[in-house]
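Undergrad: My structure file upload03.pdb, PDB, C-alpha atoms (C1' of nucleotides), is below:
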```
MODEL        1
ATOM      1  CA  MET A   1    -136.257 132.073 255.854
ATOM      2  CA  ASN A   2    -132.859 133.754 256.274
ATOM      3  CA  ILE A   3    -131.200 135.719 253.512
ATOM      4  CA  GLY A   4    -128.785 132.896 252.717
ATOM      5  CA  ASP A   5    -131.644 130.519 251.987
ATOM      6  CA  ALA A   6    -133.481 133.161 249.976
ATOM      7  CA  SER A   7    -130.260 133.600 248.026
ATOM      8  CA  LYS A   8    -130.081 129.873 247.306
ATOM      9  CA  GLU A   9    -133.759 129.758 246.356
ATOM     10  CA  THR A  10    -133.508 132.638 243.908
ATOM     11  CA  GLY A  11    -129.947 132.480 242.654
ATOM     12  CA  LEU A  12    -129.463 136.122 243.647
ATOM     13  CA  PRO A  13    -126.413 137.066 245.753
ATOM     14  CA  ALA A  14    -127.284 138.095 249.302
ATOM     15  CA  LYS A  15    -125.733 141.504 248.616
ATOM     16  CA  THR A  16    -128.133 142.007 245.754
ATOM     17  CA  ILE A  17    -131.113 140.987 247.868
ATOM     18  CA  ARG A  18    -130.135 143.527 250.514
ATOM     19  CA  TYR A  19    -129.787 146.103 247.778
ATOM     20  CA  TYR A  20    -133.288 145.298 246.558
ATOM     21  CA  GLU A  21    -134.554 145.978 250.044
ATOM     22  CA  GLU A  22    -132.636 149.257 250.213
ATOM     23  CA  ILE A  23    -134.405 150.484 247.085
ATOM     24  CA  GLY A  24    -137.761 149.247 248.289
ATOM     25  CA  LEU A  25    -138.338 146.318 245.970
ATOM     26  CA  VAL A  26    -138.644 143.501 248.492
ATOM     27  CA  MET A  27    -139.158 144.336 252.158
ATOM     28  CA  PRO A  28    -138.910 141.247 254.359
ATOM     29  CA  ASP A  29    -139.963 141.009 257.985
ATOM     30  CA  ARG A  30    -137.312 140.937 260.660
ATOM     31  CA  ALA A  31    -136.826 138.131 263.148
ATOM     32  CA  ALA A  32    -136.298 138.901 266.847
ATOM     33  CA  ASN A  33    -132.527 138.792 266.355
ATOM     34  CA  GLY A  34    -132.660 141.381 263.596
ATOM     35  CA  TYR A  35    -132.164 138.888 260.792
ATOM     36  CA  ARG A  36    -134.200 139.379 257.622
ATOM     37  CA  ASP A  37    -137.014 136.849 257.410
ATOM     38  CA  TYR A  38    -138.248 136.079 253.919
ATOM     39  CA  CYS A  39    -141.697 134.601 253.420
ATOM     40  CA  GLU A  40    -142.788 132.697 250.333
ATOM     41  CA  ALA A  41    -144.250 135.816 248.728
ATOM     42  CA  ASP A  42    -140.918 137.637 249.211
ATOM     43  CA  VAL A  43    -139.026 134.793 247.595
ATOM     44  CA  HIS A  44    -141.548 134.845 244.792
ATOM     45  CA  ARG A  45    -140.932 138.521 244.197
ATOM     46  CA  LEU A  46    -137.180 137.956 244.291
ATOM     47  CA  ARG A  47    -137.462 135.183 241.738
ATOM     48  CA  PHE A  48    -139.639 137.455 239.614
ATOM     49  CA  LEU A  49    -136.918 140.103 239.819
ATOM     50  CA  GLN A  50    -134.187 137.640 238.967
ATOM     51  CA  ARG A  51    -136.024 136.597 235.828
ATOM     52  CA  SER A  52    -137.041 140.036 234.651
ATOM     53  CA  ARG A  53    -133.544 141.424 235.300
ATOM     54  CA  SER A  54    -131.991 138.570 233.342
ATOM     55  CA  LEU A  55    -134.350 139.430 230.489
ATOM     56  CA  GLY A  56    -132.791 142.853 230.382
ATOM     57  CA  PHE A  57    -135.427 144.912 232.154
ATOM     58  CA  SER A  58    -134.037 147.814 234.167
ATOM     59  CA  ILE A  59    -134.795 148.149 237.858
ATOM     60  CA  GLN A  60    -137.359 150.825 237.054
ATOM     61  CA  GLU A  61    -139.031 148.532 234.561
ATOM     62  CA  CYS A  62    -138.952 145.693 237.061
ATOM     63  CA  ARG A  63    -140.661 147.944 239.568
ATOM     64  CA  LEU A  64    -143.412 148.563 237.026
ATOM     65  CA  LEU A  65    -143.649 144.892 236.123
ATOM     66  CA  LEU A  66    -143.898 143.960 239.786
ATOM     67  CA  SER A  67    -146.710 146.428 240.329
ATOM     68  CA  LEU A  68    -148.505 145.068 237.265
ATOM     69  CA  TYR A  69    -147.871 141.594 238.595
ATOM     70  CA  GLN A  70    -149.594 142.494 241.845
ATOM     71  CA  ASP A  71    -152.429 144.309 240.072
ATOM     72  CA  GLU A  72    -155.519 142.122 239.817
ATOM     73  CA  ASN A  73    -156.978 144.410 237.179
ATOM     74  CA  ARG A  74    -153.989 144.793 234.944
ATOM     75  CA  ALA A  75    -154.422 144.535 231.192
ATOM     76  CA  SER A  76    -152.107 142.022 229.572
ATOM     77  CA  ALA A  77    -151.682 144.630 226.840
ATOM     78  CA  ASP A  78    -149.689 146.761 229.280
ATOM     79  CA  VAL A  79    -147.262 143.938 229.929
ATOM     80  CA  LYS A  80    -147.037 143.074 226.266
ATOM     81  CA  ALA A  81    -146.279 146.697 225.413
ATOM     82  CA  LEU A  82    -143.359 146.661 227.825
ATOM     83  CA  ALA A  83    -142.042 143.452 226.303
ATOM     84  CA  LEU A  84    -142.372 144.789 222.766
ATOM     85  CA  ALA A  85    -140.622 148.018 223.689
ATOM     86  CA  LYS A  86    -137.812 145.987 225.202
ATOM     87  CA  ILE A  87    -137.575 143.929 222.004
ATOM     88  CA  GLU A  88    -137.175 147.129 220.010
ATOM     89  CA  GLU A  89    -134.477 148.282 222.381
ATOM     90  CA  VAL A  90    -132.667 144.963 222.013
ATOM     91  CA  ASP A  91    -132.980 145.227 218.232
ATOM     92  CA  ARG A  92    -131.406 148.666 218.298
ATOM     93  CA  LYS A  93    -128.531 147.402 220.407
ATOM     94  CA  ILE A  94    -127.974 144.443 218.118
ATOM     95  CA  ALA A  95    -127.925 146.700 215.051
ATOM     96  CA  GLU A  96    -125.393 148.973 216.729
ATOM     97  CA  LEU A  97    -123.154 146.069 217.652
ATOM     98  CA  ARG A  98    -123.361 144.612 214.162
ATOM     99  CA  SER A  99    -122.286 147.870 212.620
ATOM    100  CA  LEU A 100    -119.473 148.075 215.155
ATOM    101  CA  ARG A 101    -118.427 144.562 214.308
ATOM    102  CA  ALA A 102    -118.443 145.303 210.592
ATOM    103  CA  THR A 103    -116.163 148.286 211.097
ATOM    104  CA  LEU A 104    -113.756 146.408 213.347
ATOM    105  CA  SER A 105    -113.703 143.424 211.056
ATOM    106  CA  ASP A 106    -113.054 145.612 208.041
ATOM    107  CA  LEU A 107    -110.194 147.339 209.820
ATOM    108  CA  ALA A 108    -108.665 144.071 211.006
ATOM    109  CA  ALA A 109    -108.906 142.561 207.538
ATOM    110  CA  HIS A 110    -106.678 145.272 206.120
ATOM    111  CA  CYS A 111    -104.039 144.973 208.802
ATOM    112  CA  SER A 112    -101.133 142.693 208.020
ATOM    113  CA  GLY A 113    -100.738 141.831 211.689
ATOM    114  CA  ASP A 114     -96.990 141.328 211.602
ATOM    115  CA  ASP A 115     -94.118 142.930 213.484
ATOM    116  CA  ARG A 116     -94.006 146.048 211.371
ATOM    117  CA  PRO A 117     -95.559 149.196 212.808
ATOM    118  CA  ASP A 118     -97.691 150.111 209.769
ATOM    119  CA  CYS A 119    -101.292 149.574 210.770
ATOM    120  CA  PRO A 120    -104.473 150.683 209.007
ATOM    121  CA  ILE A 121    -106.407 150.253 212.262
ATOM    122  CA  MET A 122    -104.238 152.894 213.862
ATOM    123  CA  ASP A 123    -104.480 155.075 210.793
ATOM    124  CA  ASP A 124    -108.239 154.967 211.017
ATOM    125  CA  LEU A 125    -108.312 155.686 214.734
ATOM    126  CA  ALA A 126    -106.030 158.613 214.094
ATOM    127  CA  GLY A 127    -108.336 159.848 211.355
ATOM    128  CA  GLU A 128    -105.743 159.317 208.666
ATOM    129  CA  ALA A 129    -107.676 157.006 206.387
ATOM    130  CA  PRO A 130    -105.743 156.641 203.134
TER
ATOM    131  CA  MET B   1    -106.908 176.293 221.842
ATOM    132  CA  ASN B   2    -109.481 176.508 224.650
ATOM    133  CA  ILE B   3    -111.513 173.537 225.793
ATOM    134  CA  GLY B   4    -114.626 174.750 223.969
ATOM    135  CA  ASP B   5    -112.815 174.732 220.647
ATOM    136  CA  ALA B   6    -111.250 171.351 221.371
ATOM    137  CA  SER B   7    -114.745 170.106 222.119
ATOM    138  CA  LYS B   8    -116.019 171.385 218.766
ATOM    139  CA  GLU B   9    -113.020 169.907 216.948
ATOM    140  CA  THR B  10    -113.430 166.451 218.457
ATOM    141  CA  GLY B  11    -117.141 166.175 219.121
ATOM    142  CA  LEU B  12    -116.408 165.316 222.748
ATOM    143  CA  PRO B  13    -118.245 167.241 225.499
ATOM    144  CA  ALA B  14    -116.001 169.561 227.501
ATOM    145  CA  LYS B  15    -116.879 167.605 230.633
ATOM    146  CA  THR B  16    -115.572 164.440 229.014
ATOM    147  CA  ILE B  17    -112.371 166.166 227.945
ATOM    148  CA  ARG B  18    -111.776 167.341 231.507
ATOM    149  CA  TYR B  19    -112.446 163.818 232.680
ATOM    150  CA  TYR B  20    -109.853 162.487 230.249
ATOM    151  CA  GLU B  21    -107.362 164.872 231.775
ATOM    152  CA  GLU B  22    -108.319 163.780 235.281
ATOM    153  CA  ILE B  23    -107.506 160.162 234.417
ATOM    154  CA  GLY B  24    -104.291 161.148 232.665
ATOM    155  CA  LEU B  25    -105.226 160.499 229.051
ATOM    156  CA  VAL B  26    -104.712 163.970 227.595
ATOM    157  CA  MET B  27    -102.796 166.556 229.610
ATOM    158  CA  PRO B  28    -102.951 169.981 227.974
ATOM    159  CA  ASP B  29    -100.788 172.945 228.848
ATOM    160  CA  ARG B  30    -102.283 175.781 230.840
ATOM    161  CA  ALA B  31    -102.483 179.347 229.650
ATOM    162  CA  ALA B  32    -101.488 182.221 231.971
ATOM    163  CA  ASN B  33    -105.115 182.628 233.056
ATOM    164  CA  GLY B  34    -105.381 178.975 234.067
ATOM    165  CA  TYR B  35    -107.382 177.930 231.018
ATOM    166  CA  ARG B  36    -106.525 174.600 229.422
ATOM    167  CA  ASP B  37    -104.616 175.119 226.196
ATOM    168  CA  TYR B  38    -104.887 172.288 223.671
ATOM    169  CA  CYS B  39    -102.262 171.915 220.991
ATOM    170  CA  GLU B  40    -102.739 170.017 217.745
ATOM    171  CA  ALA B  41    -101.266 166.833 219.203
ATOM    172  CA  ASP B  42    -103.721 167.003 222.106
ATOM    173  CA  VAL B  43    -106.646 167.422 219.748
ATOM    174  CA  HIS B  44    -105.297 164.516 217.772
ATOM    175  CA  ARG B  45    -105.244 162.320 220.858
ATOM    176  CA  LEU B  46    -108.749 163.421 221.757
ATOM    177  CA  ARG B  47    -110.004 162.556 218.299
ATOM    178  CA  PHE B  48    -108.240 159.208 218.574
ATOM    179  CA  LEU B  49    -110.039 158.623 221.858
ATOM    180  CA  GLN B  50    -113.373 159.660 220.431
ATOM    181  CA  ARG B  51    -113.018 157.133 217.624
ATOM    182  CA  SER B  52    -111.733 154.253 219.683
ATOM    183  CA  ARG B  53    -114.360 154.812 222.371
ATOM    184  CA  SER B  54    -117.102 154.855 219.742
ATOM    185  CA  LEU B  55    -115.736 151.554 218.466
ATOM    186  CA  GLY B  56    -116.435 150.085 221.864
ATOM    187  CA  PHE B  57    -112.946 150.062 223.357
ATOM    188  CA  SER B  58    -112.863 150.626 227.105
ATOM    189  CA  ILE B  59    -110.826 153.428 228.609
ATOM    190  CA  GLN B  60    -108.165 150.915 229.621
ATOM    191  CA  GLU B  61    -108.019 149.588 226.078
ATOM    192  CA  CYS B  62    -107.864 153.119 224.724
ATOM    193  CA  ARG B  63    -104.930 153.801 227.012
ATOM    194  CA  LEU B  64    -103.165 150.806 225.522
ATOM    195  CA  LEU B  65    -104.086 151.787 221.971
ATOM    196  CA  LEU B  66    -102.808 155.301 222.572
ATOM    197  CA  SER B  67     -99.499 153.990 223.844
ATOM    198  CA  LEU B  68     -99.218 151.706 220.829
ATOM    199  CA  TYR B  69    -100.144 154.664 218.669
ATOM    200  CA  GLN B  70     -97.244 156.624 220.086
ATOM    201  CA  ASP B  71     -94.856 153.679 219.907
ATOM    202  CA  GLU B  72     -92.619 153.923 216.854
ATOM    203  CA  ASN B  73     -91.642 150.276 217.225
ATOM    204  CA  ARG B  74     -95.062 148.753 217.707
ATOM    205  CA  ALA B  75     -96.010 145.613 215.856
ATOM    206  CA  SER B  76     -99.239 145.914 213.924
ATOM    207  CA  ALA B  77    -100.005 142.391 215.197
ATOM    208  CA  ASP B  78    -100.514 143.836 218.684
ATOM    209  CA  VAL B  79    -103.123 146.252 217.418
ATOM    210  CA  LYS B  80    -104.789 143.596 215.321
ATOM    211  CA  ALA B  81    -104.978 141.256 218.317
ATOM    212  CA  LEU B  82    -106.817 143.928 220.276
ATOM    213  CA  ALA B  83    -109.242 144.452 217.426
ATOM    214  CA  LEU B  84    -109.865 140.724 217.037
ATOM    215  CA  ALA B  85    -110.449 140.297 220.766
ATOM    216  CA  LYS B  86    -112.931 143.148 220.639
ATOM    217  CA  ILE B  87    -114.710 141.486 217.726
ATOM    218  CA  GLU B  88    -115.079 138.315 219.769
ATOM    219  CA  GLU B  89    -116.455 140.332 222.647
ATOM    220  CA  VAL B  90    -118.952 142.014 220.341
ATOM    221  CA  ASP B  91    -119.943 138.623 218.957
ATOM    222  CA  ARG B  92    -120.616 137.328 222.444
ATOM    223  CA  LYS B  93    -122.768 140.344 223.232
ATOM    224  CA  ILE B  94    -124.712 139.957 220.006
ATOM    225  CA  ALA B  95    -125.362 136.275 220.725
ATOM    226  CA  GLU B  96    -126.594 137.136 224.196
ATOM    227  CA  LEU B  97    -128.920 139.806 222.894
ATOM    228  CA  ARG B  98    -130.278 137.509 220.188
ATOM    229  CA  SER B  99    -131.122 134.861 222.715
ATOM    230  CA  LEU B 100    -132.739 137.518 224.875
ATOM    231  CA  ARG B 101    -134.744 138.736 221.927
ATOM    232  CA  ALA B 102    -135.902 135.222 221.080
ATOM    233  CA  THR B 103    -137.181 134.702 224.606
ATOM    234  CA  LEU B 104    -138.944 138.049 224.747
ATOM    235  CA  SER B 105    -140.439 137.573 221.315
ATOM    236  CA  ASP B 106    -141.648 134.099 222.190
ATOM    237  CA  LEU B 107    -143.271 135.395 225.346
ATOM    238  CA  ALA B 108    -144.921 138.321 223.586
ATOM    239  CA  ALA B 109    -146.254 136.074 220.831
ATOM    240  CA  HIS B 110    -148.225 134.059 223.353
ATOM    241  CA  CYS B 111    -149.751 137.059 225.076
ATOM    242  CA  SER B 112    -153.144 138.148 223.835
ATOM    243  CA  GLY B 113    -152.372 141.773 224.697
ATOM    244  CA  ASP B 114    -155.936 142.777 225.520
ATOM    245  CA  ASP B 115    -157.550 144.249 228.617
ATOM    246  CA  ARG B 116    -157.769 140.953 230.478
ATOM    247  CA  PRO B 117    -155.194 140.303 233.185
ATOM    248  CA  ASP B 118    -154.144 136.825 232.024
ATOM    249  CA  CYS B 119    -150.635 137.102 230.707
ATOM    250  CA  PRO B 120    -148.128 134.381 229.847
ATOM    251  CA  ILE B 121    -145.302 136.887 230.124
ATOM    252  CA  MET B 122    -146.179 137.464 233.758
ATOM    253  CA  ASP B 123    -146.620 133.735 234.293
ATOM    254  CA  ASP B 124    -143.157 133.152 232.999
ATOM    255  CA  LEU B 125    -141.612 135.922 235.068
ATOM    256  CA  ALA B 126    -143.344 134.462 238.091
ATOM    257  CA  GLY B 127    -141.944 131.038 237.260
ATOM    258  CA  GLU B 128    -145.389 129.587 236.587
ATOM    259  CA  ALA B 129    -144.866 128.338 233.075
ATOM    260  CA  PRO B 130    -147.834 126.198 232.068
TER
ATOM    261  C1'  DG C   1    -119.012 126.352 279.442
ATOM    262  C1'  DG C   2    -115.917 127.577 275.775
ATOM    263  C1'  DT C   3    -114.691 127.828 271.149
ATOM    264  C1'  DT C   4    -114.834 127.403 266.535
ATOM    265  C1'  DG C   5    -116.931 128.610 262.075
ATOM    266  C1'  DA C   6    -120.664 129.883 259.386
ATOM    267  C1'  DC C   7    -123.977 133.103 259.077
ATOM    268  C1'  DC C   8    -126.002 137.548 259.864
ATOM    269  C1'  DT C   9    -125.977 142.811 260.653
ATOM    270  C1'  DT C  10    -124.675 147.773 259.297
ATOM    271  C1'  DC C  11    -121.675 150.996 257.227
ATOM    272  C1'  DT C  12    -118.547 152.972 253.929
ATOM    273  C1'  DA C  13    -116.560 153.134 249.633
ATOM    274  C1'  DG C  14    -115.591 151.658 244.927
ATOM    275  C1'  DT C  15    -116.829 150.314 240.071
ATOM    276  C1'  DG C  16    -117.022 152.795 234.617
ATOM    277  C1'  DA C  17    -117.400 156.553 232.225
ATOM    278  C1'  DC C  18    -119.166 160.098 232.492
ATOM    279  C1'  DT C  19    -122.932 164.031 233.654
ATOM    280  C1'  DG C  20    -125.152 167.903 236.237
ATOM    281  C1'  DG C  21    -124.930 171.746 238.954
ATOM    282  C1'  DA C  22    -123.139 175.401 241.996
ATOM    283  C1'  DA C  23    -119.986 179.142 242.975
ATOM    284  C1'  DG C  24    -116.917 182.020 241.241
ATOM    285  C1'  DC C  25    -113.087 183.930 237.825
ATOM    286  C1'  DC C  26    -111.982 185.700 232.913
ATOM    287  C1'  DT C  27    -112.893 187.774 228.425
ATOM    288  C1'  DT C  28    -115.253 190.213 224.994
ATOM    289  C1'  DA C  29    -118.687 193.295 223.327
ATOM    290  C1'  DT C  30    -121.682 196.923 224.005
TER
ATOM    291  C1'  DA D   1    -120.012 199.556 233.588
ATOM    292  C1'  DT D   2    -122.276 195.698 232.711
ATOM    293  C1'  DA D   3    -124.037 191.649 230.597
ATOM    294  C1'  DA D   4    -123.257 187.362 228.289
ATOM    295  C1'  DG D   5    -120.768 183.615 227.678
ATOM    296  C1'  DG D   6    -116.759 180.716 228.560
ATOM    297  C1'  DC D   7    -113.696 178.991 231.799
ATOM    298  C1'  DT D   8    -112.246 177.097 236.535
ATOM    299  C1'  DT D   9    -112.846 173.745 240.595
ATOM    300  C1'  DC D  10    -115.361 170.780 243.431
ATOM    301  C1'  DC D  11    -119.151 167.941 244.922
ATOM    302  C1'  DA D  12    -122.689 164.836 243.949
ATOM    303  C1'  DG D  13    -125.338 161.692 241.144
ATOM    304  C1'  DT D  14    -126.003 158.051 237.673
ATOM    305  C1'  DC D  15    -126.841 152.342 237.390
ATOM    306  C1'  DA D  16    -126.893 148.145 239.645
ATOM    307  C1'  DC D  17    -124.489 146.300 242.179
ATOM    308  C1'  DT D  18    -119.864 144.594 244.718
ATOM    309  C1'  DA D  19    -116.046 144.517 248.228
ATOM    310  C1'  DG D  20    -114.621 144.790 252.626
ATOM    311  C1'  DA D  21    -114.484 145.943 257.561
ATOM    312  C1'  DA D  22    -116.211 145.596 262.227
ATOM    313  C1'  DG D  23    -119.073 143.314 264.948
ATOM    314  C1'  DG D  24    -123.453 140.453 266.609
ATOM    315  C1'  DT D  25    -125.738 135.556 266.501
ATOM    316  C1'  DC D  26    -126.301 130.692 266.147
ATOM    317  C1'  DA D  27    -125.465 125.607 266.006
ATOM    318  C1'  DA D  28    -122.350 122.119 266.856
ATOM    319  C1'  DC D  29    -118.730 119.971 269.050
ATOM    320  C1'  DC D  30    -115.416 119.087 273.014
TER
ENDMDL
END
```
Mind converting the file's structure to structure tokens?

TA:
Amino acid sequence: MNIGDASKETGLPAKTIRYYEEIGLVMPDRAANGYRDYCEADVHRLRFLQRSRSLGFSIQECRLLLSLYQDENRASADVKALALAKIEEVDRKIAELRSLRATLSDLAAHCSGDDRPDCPIMDDLAGEAP
Amino acid sequence: MNIGDASKETGLPAKTIRYYEEIGLVMPDRAANGYRDYCEADVHRLRFLQRSRSLGFSIQECRLLLSLYQDENRASADVKALALAKIEEVDRKIAELRSLRATLSDLAAHCSGDDRPDCPIMDDLAGEAP
DNA sequence: GGTTGACCTTCTAGTGACTGGAAGCCTTAT
DNA sequence: ATAAGGCTTCCAGTCACTAGAAGGTCAACC
């Protein structure tokens, strides 16, 4: 299967698939003409990557997940631990964004938003809170 | 004021302050020995940048905010519009993360997390949902 | 057989916003 | 005189791609 078909199968851009080869994640065979030739297992790994990346796992984490995936003797606890750690990370990010949102919203609420220059948002950014 | 003192005053690493000069955000004078020499206004701009960056504004947005900040004839509506747009952006990110969290949490809930290899998280990543 | 046009290859370089490190001046204190 | 610490520039690396150029390959159509 050529890279274009693998791209269609997995939803990953061809550029990304080549990049995944460059960093050693999915190494396809080569056809006689030099074209990459993806077998079913390769496409499977690519799809696995697409899903784990879209769930927010980093490339390093995906590498680990892939190796667990290929490991017949893995403990599901190892996978679960990764997922739980990622949930915590997501929770931290959400909390940070919520606090950010609260601050922005508070600032915006106190700004008249007209054509005069006086602006409490600016005052805050400048460190001149009243 | 040398860069080290400016760094202490603003909480920004010296490297970051040099970077801000490189991209034309804060251009200090130079002392006779070639050292950067930050005046109060420079430190003010740096502090402004520190705050707006920590509120999630991109460098481009900070550039715009700084120019509004310096503009005697700005309309506070312009600043407020930026803040409101940023709030929407933050909301979108939060929604995305919440959906991510729900998926991860759902997957983890169905995984026994013991030393057996069977793992619904892996099954899902592999696209083999039951 | 020639010619499109789509597909493939490699390579280089750019993104955003820094961060790390090396090599070498400058200043201050001992 | 020397040691420590701060400053300078420049180069390279981060993360995960993404854009684009220059050129080889393939299938179809005339």

Undergrad: Please return, as a PDB file with C-alpha atoms, in the coordinates of the input, all residues of chain B lying within 9 Å of chain D when all atoms listed in the file are considered.

TA:
```pdb
ATOM      1  CA  ASN B   2    -109.481 176.508 224.650  1.00  0.00           C
ATOM      2  CA  ILE B   3    -111.513 173.537 225.793  1.00  0.00           C
ATOM      3  CA  GLY B   4    -114.626 174.750 223.969  1.00  0.00           C
ATOM      4  CA  GLY B  34    -105.381 178.975 234.067  1.00  0.00           C
ATOM      5  CA  TYR B  35    -107.382 177.930 231.018  1.00  0.00           C
ATOM      6  CA  ARG B  36    -106.525 174.600 229.422  1.00  0.00           C
TER       7      ARG B  36
END
```

Undergrad: Could you please give me, as a list in words, the residues of protein, DNA or RNA lying at most 6 Å from (-141.8, 140.8, 237.6) in the coordinate frame of the file, considering all atoms listed in the file?

TA: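 Protein and nucleic acid residues near the point are Phe48, Leu49, Ser52, Cys62, Leu65 and Leu66 of chain A; Leu125 of chain B.
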
Undergrad: Of the candidates B:Thr16, B:Ala31, B:Ser7, B:Arg98, which one gets nearest to C:DA17 if we count only C-alpha atoms (C1' of nucleotides)?

TA: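 Closest candidate: B:Thr16.
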
Undergrad: Which chain C residues are at most 9 Å from chain A (counting only C-alpha atoms (C1' of nucleotides)), as a PyMOL selection string?

TA: chain C and resi 7-9

Undergrad: Take atom CA of A:Tyr19 and atom CA of A:Arg53 and report the distance between them in Å, one decimal.

TA: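 For atom CA of A:Tyr19 relative to atom CA of A:Arg53, the distance reads 13.8 Å.
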
Undergrad: Report the distance between atom CA of A:Ile87 and atom CA of A:Asn73 in Å, rounded to one decimal place.

TA: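 According to the coordinates, atom CA of A:Ile87 and atom CA of A:Asn73 are separated by 24.6 Å.
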
Undergrad: Need to verify the contact set: stretch 38-47 of chain A, 9 Å, all atoms listed in the file, exclusion of same-chain residues closer than 3 positions in sequence. Can you return it as a list in words?

TA: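 Contacts, with the query itself left out: Met1, Asn2, Ile3, Asp5, Ala6, Ser7, Glu9, Thr10, Gly11, Leu12, Ile17, Tyr20, Leu25, Val26, Met27, Pro28, Asp29, Arg30, Gln50, Arg51, Ser52 and Leu66 of chain A; Leu125, Ala126 and Gly127 of chain B.
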
Undergrad: What do you get, as a ChimeraX atom specification, if you spell out every residue that the PyMOL selection byres ((chain A and resi 56) around 12) selects here?

TA: /A:49-55,57-62,82-83,85-87,89-90,93 /B:96-101,103-104

Undergrad: To one decimal place, how far is atom CA of A:Leu68 from atom CA of B:Pro117 in Å?

TA: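 Taking atom CA of A:Leu68 and atom CA of B:Pro117, their separation equals 9.2 Å.
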
Undergrad: Quick check on the file I pasted: which residues fall under the PyMOL selection byres ((chain C and resi 19) around 8)? Write them as a compact mmCIF listing (two decimals) with C-alpha atoms (C1' of nucleotides), in the frame of the given file.

TA:
```txt
# COMPACT_ATOMS: atom_id res chain seq x y z
CA LYS B 15 -116.88 167.60 230.63
C1' DC C 18 -119.17 160.10 232.49
C1' DG C 20 -125.15 167.90 236.24
C1' DT D 14 -126.00 158.05 237.67
```

Undergrad: Which of these, A:Ala77, A:Ile121, A:Ala109, A:Ala102, has the shortest distance to chain B once you count only C-alpha atoms?

TA: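 Result for the nearest residue to chain B: A:Ala77.
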
Undergrad: Could you list, as a ChimeraX atom specification, every residue within 8 Å of A:Lys80, counting all atoms listed in the file and ignoring same-chain residues fewer than 4 positions away?

TA: /A:76,84 /B:108,111,113,121
